[in-house]
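Visitor: Sharing structure34.txt (compact mmCIF, C-alpha atoms and all ligand atoms) below.
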```txt
# COMPACT_ATOMS: atom_id res chain seq x y z
CA MET A 1 18.37 -10.24 4.07
CA ASP A 2 14.55 -10.21 3.72
CA THR A 3 13.21 -8.23 0.79
CA ALA A 4 10.22 -5.93 0.48
CA LEU A 5 8.67 -4.04 -2.41
CA ILE A 6 6.75 -0.90 -1.43
CA THR A 7 4.74 1.04 -4.02
CA GLY A 8 4.24 4.83 -3.93
CA CYS A 9 7.46 5.78 -2.12
CA SER A 10 8.05 9.32 -3.39
CA ARG A 11 6.48 10.81 -0.23
CA GLY A 12 4.18 10.23 2.71
CA ILE A 13 3.76 6.86 4.37
CA GLY A 14 5.57 4.96 1.60
CA LEU A 15 8.69 7.13 1.97
CA ALA A 16 8.67 6.78 5.78
CA LEU A 17 8.21 3.02 5.48
CA VAL A 18 11.23 2.73 3.17
CA ARG A 19 13.37 4.52 5.78
CA GLU A 20 11.97 2.46 8.67
CA MET A 21 12.24 -0.95 7.00
CA ALA A 22 15.75 -0.26 5.68
CA ALA A 23 16.78 0.73 9.23
CA ARG A 24 15.35 -2.59 10.46
CA GLY A 25 17.61 -4.50 8.06
CA TRP A 26 15.30 -5.10 5.11
CA HIS A 27 16.39 -4.86 1.50
CA VAL A 28 13.73 -2.46 0.21
CA LEU A 29 12.72 -2.10 -3.42
CA ALA A 30 11.07 1.31 -3.42
CA GLY A 31 8.62 1.98 -6.26
CA ALA A 32 8.07 5.51 -7.54
CA ARG A 33 6.35 6.79 -10.67
CA HIS A 34 9.05 9.36 -11.38
CA PRO A 35 12.27 8.46 -9.52
CA ALA A 36 14.20 11.42 -10.96
CA ALA A 37 11.72 13.81 -9.31
CA ALA A 38 11.56 11.84 -6.04
CA HIS A 39 14.33 13.80 -4.28
CA ALA A 40 13.33 12.79 -0.74
CA LEU A 41 13.39 9.12 -1.74
CA GLN A 42 16.79 9.51 -3.38
CA ALA A 43 18.10 11.06 -0.15
CA VAL A 44 16.72 8.14 1.90
CA ALA A 45 18.39 5.66 -0.48
CA GLN A 46 21.72 7.51 -0.25
CA ASN A 47 21.66 7.70 3.56
CA ALA A 48 20.63 4.07 4.08
CA SER A 49 23.28 1.38 4.45
CA PRO A 50 24.75 0.38 1.09
CA GLY A 51 22.56 -2.01 -0.90
CA SER A 52 19.55 -1.70 1.38
CA VAL A 53 17.36 0.53 -0.84
CA ASP A 54 16.88 0.18 -4.60
CA ILE A 55 14.52 2.54 -6.39
CA LEU A 56 12.31 1.10 -9.14
CA THR A 57 10.25 3.04 -11.67
CA LEU A 58 6.72 1.81 -11.05
CA ASP A 59 3.35 3.27 -12.04
CA VAL A 60 0.67 0.90 -10.78
CA ARG A 61 -1.78 1.96 -13.53
CA HIS A 62 0.23 0.51 -16.39
CA ASP A 63 1.00 -3.12 -17.25
CA GLU A 64 4.26 -2.23 -19.02
CA SER A 65 5.55 -0.25 -16.05
CA VAL A 66 4.73 -2.97 -13.52
CA GLN A 67 6.09 -5.71 -15.80
CA ALA A 68 9.37 -3.81 -16.27
CA ALA A 69 9.61 -3.26 -12.49
CA ALA A 70 9.00 -6.99 -11.87
CA GLU A 71 11.78 -7.88 -14.32
CA GLU A 72 14.16 -5.38 -12.71
CA ALA A 73 13.29 -6.74 -9.27
CA ALA A 74 13.89 -10.34 -10.42
CA ALA A 75 17.36 -9.29 -11.58
CA LYS A 76 18.14 -7.88 -8.11
CA VAL A 77 16.53 -10.34 -5.67
CA ARG A 78 15.82 -14.07 -5.66
CA ARG A 79 12.55 -13.75 -3.74
CA LEU A 80 10.14 -11.18 -2.35
CA ASP A 81 9.13 -11.64 1.30
CA VAL A 82 6.75 -8.68 1.50
CA LEU A 83 4.78 -6.59 -0.98
CA VAL A 84 3.27 -3.39 0.44
CA ASN A 85 0.58 -2.04 -1.90
CA ASN A 86 0.86 1.50 -0.56
CA ALA A 87 0.38 3.72 -3.64
CA GLY A 88 -2.94 5.50 -3.37
CA VAL A 89 -4.88 8.52 -4.59
CA PHE A 90 -7.64 10.67 -3.13
CA PRO A 91 -8.99 12.33 -6.28
CA GLU A 92 -11.78 14.50 -4.83
CA ASN A 93 -12.18 17.36 -2.38
CA GLY A 94 -14.24 15.09 -0.17
CA SER A 95 -17.32 17.19 0.39
CA GLU A 96 -18.85 17.14 -3.12
CA SER A 97 -22.51 16.18 -3.44
CA LEU A 98 -23.47 13.35 -5.76
CA GLU A 99 -24.53 15.92 -8.37
CA GLN A 100 -21.24 17.87 -8.11
CA LEU A 101 -18.89 14.92 -8.16
CA PRO A 102 -16.96 14.45 -11.45
CA LEU A 103 -17.51 10.79 -12.26
CA GLU A 104 -13.92 10.47 -13.53
CA CYS A 105 -12.92 10.58 -9.85
CA PHE A 106 -14.26 7.03 -9.52
CA GLU A 107 -12.07 5.91 -12.41
CA ASP A 108 -8.99 7.62 -10.93
CA ALA A 109 -9.56 6.12 -7.49
CA PHE A 110 -10.30 2.62 -8.72
CA SER A 111 -7.46 2.54 -11.28
CA VAL A 112 -4.83 3.12 -8.56
CA ASN A 113 -6.39 1.95 -5.29
CA VAL A 114 -7.99 -1.26 -6.61
CA VAL A 115 -6.90 -2.29 -10.12
CA GLY A 116 -3.32 -1.17 -9.38
CA VAL A 117 -3.19 -3.48 -6.37
CA ALA A 118 -4.44 -6.46 -8.40
CA ARG A 119 -1.97 -5.67 -11.21
CA VAL A 120 1.10 -5.31 -8.98
CA THR A 121 0.23 -8.34 -6.85
CA ARG A 122 -0.24 -10.71 -9.77
CA MET A 123 2.88 -9.54 -11.60
CA PHE A 124 5.03 -9.97 -8.49
CA LEU A 125 3.54 -13.36 -7.55
CA PRO A 126 6.37 -15.39 -9.11
CA LEU A 127 8.87 -13.62 -6.82
CA LEU A 128 6.56 -13.77 -3.78
CA THR A 129 5.96 -17.52 -4.08
CA ARG A 130 9.72 -18.12 -3.85
CA ALA A 131 9.72 -16.78 -0.24
CA ALA A 132 9.17 -19.03 2.79
CA HIS A 133 6.51 -16.74 4.34
CA PRO A 134 5.36 -14.20 1.75
CA ARG A 135 3.01 -11.41 2.84
CA VAL A 136 0.97 -8.90 0.84
CA ILE A 137 0.01 -5.80 2.83
CA ASN A 138 -2.75 -3.72 1.22
CA MET A 139 -2.85 -0.16 2.57
CA SER A 140 -6.53 0.34 3.24
CA SER A 141 -8.42 2.96 5.24
CA LEU A 142 -11.22 3.23 7.76
CA ALA A 143 -12.84 5.30 5.00
CA GLY A 144 -13.39 1.93 3.31
CA SER A 145 -15.34 0.53 6.24
CA ILE A 146 -19.00 -0.03 5.34
CA GLY A 147 -19.88 -0.57 8.99
CA GLU A 148 -18.43 2.81 10.03
CA LYS A 149 -19.97 4.80 7.14
CA GLU A 150 -22.45 7.40 8.32
CA ASP A 151 -22.01 10.34 5.93
CA SER A 152 -21.71 10.92 2.19
CA ARG A 153 -18.14 12.23 2.14
CA TYR A 154 -15.29 10.84 0.01
CA TYR A 155 -17.53 8.94 -2.41
CA CYS A 156 -14.75 7.75 -4.71
CA TYR A 157 -12.01 7.17 -2.14
CA SER A 158 -14.33 5.31 0.27
CA ALA A 159 -15.80 3.14 -2.47
CA SER A 160 -12.32 2.29 -3.76
CA LYS A 161 -11.03 1.30 -0.30
CA ALA A 162 -14.17 -0.80 0.36
CA ALA A 163 -13.45 -2.52 -2.96
CA LEU A 164 -9.81 -2.96 -1.90
CA ASN A 165 -11.02 -4.70 1.27
CA MET A 166 -13.06 -7.13 -0.81
CA LEU A 167 -10.11 -7.64 -3.16
CA THR A 168 -8.01 -8.43 -0.08
CA ARG A 169 -10.45 -11.13 1.07
CA ALA A 170 -10.64 -12.68 -2.39
CA MET A 171 -6.86 -12.67 -2.94
CA ALA A 172 -6.31 -14.04 0.56
CA ALA A 173 -8.61 -16.97 -0.18
CA GLU A 174 -6.96 -17.78 -3.52
CA LEU A 175 -3.36 -17.28 -2.42
CA ARG A 176 -3.47 -18.85 1.05
CA PRO A 177 -3.09 -22.41 -0.34
CA ARG A 178 0.01 -21.13 -2.19
CA GLY A 179 1.49 -19.90 1.10
CA VAL A 180 0.91 -16.18 0.46
CA THR A 181 -0.74 -14.24 3.32
CA VAL A 182 -2.79 -11.22 2.19
CA VAL A 183 -4.09 -8.61 4.67
CA ALA A 184 -5.57 -5.10 4.62
CA VAL A 185 -4.04 -2.61 7.07
CA THR A 186 -5.07 0.92 8.10
CA PRO A 187 -2.14 3.26 8.78
CA GLY A 188 -4.10 5.68 11.02
CA TRP A 189 -4.90 9.29 10.14
CA VAL A 190 -1.49 10.43 9.00
CA LYS A 191 -0.05 13.90 8.21
CA THR A 192 0.75 13.55 4.52
CA GLU A 193 -0.44 15.22 1.32
CA LEU A 194 -3.35 12.78 1.34
CA GLY A 195 -4.12 12.90 5.07
CA GLY A 196 -3.74 16.69 5.40
CA PRO A 197 -2.20 18.83 8.15
CA ASN A 198 -4.91 18.12 10.76
CA ALA A 199 -4.17 14.39 10.85
CA LYS A 200 -3.27 12.84 14.19
CA ILE A 201 0.11 11.19 13.64
CA SER A 202 3.27 11.65 11.60
CA ALA A 203 4.25 9.39 8.71
CA GLU A 204 7.24 8.25 10.82
CA GLU A 205 5.01 7.16 13.71
CA SER A 206 2.68 5.29 11.37
CA ALA A 207 5.64 3.64 9.61
CA ARG A 208 7.14 2.44 12.92
CA SER A 209 3.89 0.67 13.84
CA LEU A 210 3.36 -0.67 10.32
CA ALA A 211 6.88 -2.10 10.10
CA ALA A 212 6.43 -3.91 13.43
CA THR A 213 3.09 -5.28 12.24
CA ILE A 214 4.56 -6.41 8.91
CA ASP A 215 7.19 -8.36 10.90
CA ARG A 216 4.45 -10.11 12.91
CA VAL A 217 1.82 -10.87 10.23
CA SER A 218 1.32 -14.62 10.04
CA HIS A 219 -0.92 -16.97 8.06
CA HIS A 220 -3.45 -16.69 10.93
CA ASP A 221 -4.08 -13.10 9.77
CA ALA A 222 -4.89 -14.01 6.15
CA GLY A 223 -7.86 -12.00 4.84
CA GLN A 224 -8.08 -9.78 7.95
CA PHE A 225 -8.52 -5.99 8.21
CA LEU A 226 -5.91 -4.85 10.75
CA ASP A 227 -5.04 -1.51 12.30
CA ARG A 228 -1.42 -0.35 12.11
CA ASP A 229 -0.58 -2.19 15.34
CA GLY A 230 -1.94 -5.44 13.93
CA ASN A 231 -5.22 -5.51 15.89
CA LYS A 232 -8.25 -6.79 14.05
CA ALA A 233 -10.80 -5.83 16.72
CA ALA A 234 -10.10 -2.11 16.09
CA THR A 235 -11.43 -2.14 12.51
CA THR A 236 -14.90 -2.86 11.11
CA TRP A 237 -15.35 -4.16 7.56
N1 LIG A 301 -2.63 9.67 5.17
C1 LIG A 301 -3.66 9.06 5.74
O1 LIG A 301 -4.25 9.57 6.72
C2 LIG A 301 -4.13 7.73 5.24
C3 LIG A 301 -5.20 7.13 5.93
C4 LIG A 301 -5.66 5.89 5.50
C5 LIG A 301 -5.05 5.27 4.43
N2 LIG A 301 -4.02 5.88 3.76
C6 LIG A 301 -3.44 5.18 2.62
O2 LIG A 301 -2.03 5.09 2.76
C7 LIG A 301 -1.42 5.07 1.45
C8 LIG A 301 -0.34 6.14 1.38
O3 LIG A 301 -0.99 7.40 1.58
P1 LIG A 301 -0.20 8.75 1.92
O4 LIG A 301 -0.98 9.41 2.97
O5 LIG A 301 1.24 8.48 2.11
O6 LIG A 301 -0.46 9.56 0.54
P2 LIG A 301 0.46 10.58 -0.28
O7 LIG A 301 1.36 11.35 0.61
O8 LIG A 301 -0.49 11.31 -1.17
O9 LIG A 301 1.37 9.60 -1.16
C9 LIG A 301 0.78 8.78 -2.13
C10 LIG A 301 1.86 8.04 -2.86
O10 LIG A 301 1.24 7.21 -3.86
C11 LIG A 301 1.93 7.46 -5.09
N3 LIG A 301 1.10 7.19 -6.27
C12 LIG A 301 -0.03 7.82 -6.66
N4 LIG A 301 -0.45 7.30 -7.83
C13 LIG A 301 0.44 6.34 -8.18
C14 LIG A 301 0.56 5.46 -9.28
N5 LIG A 301 -0.31 5.47 -10.30
N6 LIG A 301 1.59 4.58 -9.30
C15 LIG A 301 2.49 4.55 -8.30
N7 LIG A 301 2.48 5.39 -7.23
C16 LIG A 301 1.43 6.27 -7.19
C17 LIG A 301 2.36 8.91 -5.02
O11 LIG A 301 3.37 9.13 -5.97
P3 LIG A 301 3.53 10.51 -6.83
O12 LIG A 301 4.44 11.39 -6.00
O13 LIG A 301 4.16 10.07 -8.11
O14 LIG A 301 2.17 11.09 -7.01
C18 LIG A 301 2.85 8.97 -3.58
O15 LIG A 301 4.15 8.45 -3.47
C19 LIG A 301 -2.55 5.26 0.45
O16 LIG A 301 -2.97 4.01 -0.05
C20 LIG A 301 -3.66 5.87 1.29
O17 LIG A 301 -4.95 5.62 0.77
C21 LIG A 301 -3.56 7.10 4.16
```
Here is the file; what I need is its structure written in the form of structure tokens.

Guide:
Amino acid sequence: MDTALITGCSRGIGLALVREMAARGWHVLAGARHPAAAHALQAVAQNASPGSVDILTLDVRHDESVQAAAEEAAAKVRRLDVLVNNAGVFPENGSESLEQLPLECFEDAFSVNVVGVARVTRMFLPLLTRAAHPRVINMSSLAGSIGEKEDSRYYCYSASKAALNMLTRAMAAELRPRGVTVVAVTPGWVKTELGGPNAKISAEESARSLAATIDRVSHHDAGQFLDRDGNKAATTW
């Protein structure tokens, strides 16, 4: 059984991806900051086939939390085929001017959306490099596209996702010789707490496309910025 770790699974896209990948036969390690409060995730784990979903306590901002999760994962699985760096925050209203914006929003966005990805990826590398075809999927956003940027909205979130795209390229270059494929993927505009009620697609629809793309990602995609269906032409850096 192939194994995947997904971060940020208490709700939204992460939760839907746990359900979708477990249904496709993956053994999913589902990270959540507060598993006891993640009732929807617990229900998914209970309804999935036995042994297909394990919930790990994992806060991507803290070394100790990620280290403990990596140790718990190593006790459960021999290798990790896929890491989905899904946990993300959008710590602003989105329409603040430069003068209004609390600067701590940059720290919040970068600590989860960028530093958290670097932290989780490096701490899970020993498990990833034991897989035959390990993949790291960084959940990015078109908001991180410099080429598409034409307004001043979402200062912190956009800057953090642009930084995540650069982190993706750098990690892809370093890890490719070690057999690890790293890509950035956009999930679409998705109806979640982060995406809001006006978004275009459900978390389930996004997760179906993402899971199919995760299955198909190959070393030819290393360092690419893909849409949820795996197309690179649809996204601009
Ligand atoms: N929705 C969209 O339209 C959209 C578009 C483009 C990209 N994305 C990206 O897709 C990913 C998932 O977004 P979503 O829409 O599903 O958002 P969401 O519904 O707000 O869910 C975010 C998840 O991240 C978790 N999280 C936040 N901080 C964390 C931390 N420090 N450690 C571990 N987990 C943490 C949250 O857990 P708690 O419950 O503990 O807070 C929650 O499970 C994000 O990276 C987002 O940027 C979303």

Visitor: Around ligand LIG 301 (chain A), at most 6 Å away and counting all atoms listed in the file, which residues are there? Put them as an MDAnalysis selection string, please.

Guide: chainID A and resid 7:14 32:34 58:61 86:89 112 139:141 186:195

Visitor: Grab the CA of Leu175 (chain A) to CA of Ala70 (chain A) distance for me, in Å with one decimal place.

Guide: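 Calculated distance between CA of Leu175 (chain A) and CA of Ala70 (chain A) is 18.7 Å.
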
Visitor: So how many Å separate CA of Glu71 (chain A) and CA of Val180 (chain A), to one decimal?

Guide: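 CA of Glu71 (chain A) sits 20.1 Å away from CA of Val180 (chain A).
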
Visitor: Can you work out which one of A:Ile6, A:Leu103, A:Ala45, A:Ala211 has the shortest atom-to-atom distance to Val117 (chain A), counting only C-alpha atoms?

Guide: A:Ile6

Visitor: Could you list, as a PyMOL selection string, every residue within 12 Å of Leu80 (chain A), counting only C-alpha atoms and ignoring same-chain residues fewer than 2 positions away?

Guide: chain A and resi 1-6+26-29+70+73-78+82-84+121+123-136+180

Visitor: Write out as JSON, numbers by chain each polymer residue whose atoms come within 10 Å of region 225-227 of chain A, counting all atoms listed in the file; drop sequence neighbours fewer than 2 positions from it.

Guide: {"A": [137, 138, 139, 140, 141, 142, 145, 165, 168, 169, 182, 183, 184, 185, 186, 187, 188, 209, 210, 213, 217, 221, 222, 223, 229, 230, 231, 232, 233, 234, 235, 236, 237]}

Visitor: Please produce a file of the residues just selected, as a PDB file, keeping the file's coordinate frame, where the atoms kept are C-alpha atoms.

Guide:
```
ATOM      1  CA  ILE A 137       0.010  -5.800   2.830  1.00  0.00           C
ATOM      2  CA  ASN A 138      -2.750  -3.720   1.220  1.00  0.00           C
ATOM      3  CA  MET A 139      -2.850  -0.160   2.570  1.00  0.00           C
ATOM      4  CA  SER A 140      -6.530   0.340   3.240  1.00  0.00           C
ATOM      5  CA  SER A 141      -8.420   2.960   5.240  1.00  0.00           C
ATOM      6  CA  LEU A 142     -11.220   3.230   7.760  1.00  0.00           C
ATOM      7  CA  SER A 145     -15.340   0.530   6.240  1.00  0.00           C
ATOM      8  CA  ASN A 165     -11.020  -4.700   1.270  1.00  0.00           C
ATOM      9  CA  THR A 168      -8.010  -8.430  -0.080  1.00  0.00           C
ATOM     10  CA  ARG A 169     -10.450 -11.130   1.070  1.00  0.00           C
ATOM     11  CA  VAL A 182      -2.790 -11.220   2.190  1.00  0.00           C
ATOM     12  CA  VAL A 183      -4.090  -8.610   4.670  1.00  0.00           C
ATOM     13  CA  ALA A 184      -5.570  -5.100   4.620  1.00  0.00           C
ATOM     14  CA  VAL A 185      -4.040  -2.610   7.070  1.00  0.00           C
ATOM     15  CA  THR A 186      -5.070   0.920   8.100  1.00  0.00           C
ATOM     16  CA  PRO A 187      -2.140   3.260   8.780  1.00  0.00           C
ATOM     17  CA  GLY A 188      -4.100   5.680  11.020  1.00  0.00           C
ATOM     18  CA  SER A 209       3.890   0.670  13.840  1.00  0.00           C
ATOM     19  CA  LEU A 210       3.360  -0.670  10.320  1.00  0.00           C
ATOM     20  CA  THR A 213       3.090  -5.280  12.240  1.00  0.00           C
ATOM     21  CA  VAL A 217       1.820 -10.870  10.230  1.00  0.00           C
ATOM     22  CA  ASP A 221      -4.080 -13.100   9.770  1.00  0.00           C
ATOM     23  CA  ALA A 222      -4.890 -14.010   6.150  1.00  0.00           C
ATOM     24  CA  GLY A 223      -7.860 -12.000   4.840  1.00  0.00           C
ATOM     25  CA  ASP A 229      -0.580  -2.190  15.340  1.00  0.00           C
ATOM     26  CA  GLY A 230      -1.940  -5.440  13.930  1.00  0.00           C
ATOM     27  CA  ASN A 231      -5.220  -5.510  15.890  1.00  0.00           C
ATOM     28  CA  LYS A 232      -8.250  -6.790  14.050  1.00  0.00           C
ATOM     29  CA  ALA A 233     -10.800  -5.830  16.720  1.00  0.00           C
ATOM     30  CA  ALA A 234     -10.100  -2.110  16.090  1.00  0.00           C
ATOM     31  CA  THR A 235     -11.430  -2.140  12.510  1.00  0.00           C
ATOM     32  CA  THR A 236     -14.900  -2.860  11.110  1.00  0.00           C
ATOM     33  CA  TRP A 237     -15.350  -4.160   7.560  1.00  0.00           C
TER      34      TRP A 237
END
```

Visitor: So, with all atoms listed in the file as the atoms that count, which of A:Ala37, A:Val115, A:Ala43, A:Ile214 lies closest to Leu15 (chain A)?

Guide: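 Checking each candidate against Leu15 (chain A), we get A:Ala43 as the closest.
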
Visitor: Please, what distance in Å, to one decimal, runs between CA of Asn113 (chain A) and CA of Tyr157 (chain A)?

Guide: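 For CA of Asn113 (chain A) relative to CA of Tyr157 (chain A), the distance reads 8.3 Å.
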
Visitor: Here is a test: counting only C-alpha atoms, which residue of A:Arg153, A:Arg19, A:Arg176, A:His62 is nearest to Ser218 (chain A)?

Guide: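 Closest residue, counting only C-alpha atoms: A:Arg176.
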
Visitor: Counting only C-alpha atoms, which of A:Ala16, A:Gln46, A:Asn85, A:Leu56 gets nearest to Ala30 (chain A)?

Guide: A:Leu56

Visitor: Calculated over only C-alpha atoms, which of the candidates A:Gly196, A:Ala48, A:Ala162, A:Ser202 has the smallest distance to Arg24 (chain A)?

Guide: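 Result for the nearest residue to Arg24 (chain A): A:Ala48.
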
Visitor: Out of A:Gly25, A:Ala163, A:Glu20, A:Tyr155, which residue has the shortest atom-to-atom distance to Glu99 (chain A) when counting only C-alpha atoms?

Guide: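 Nearest to Glu99 (chain A): A:Tyr155.
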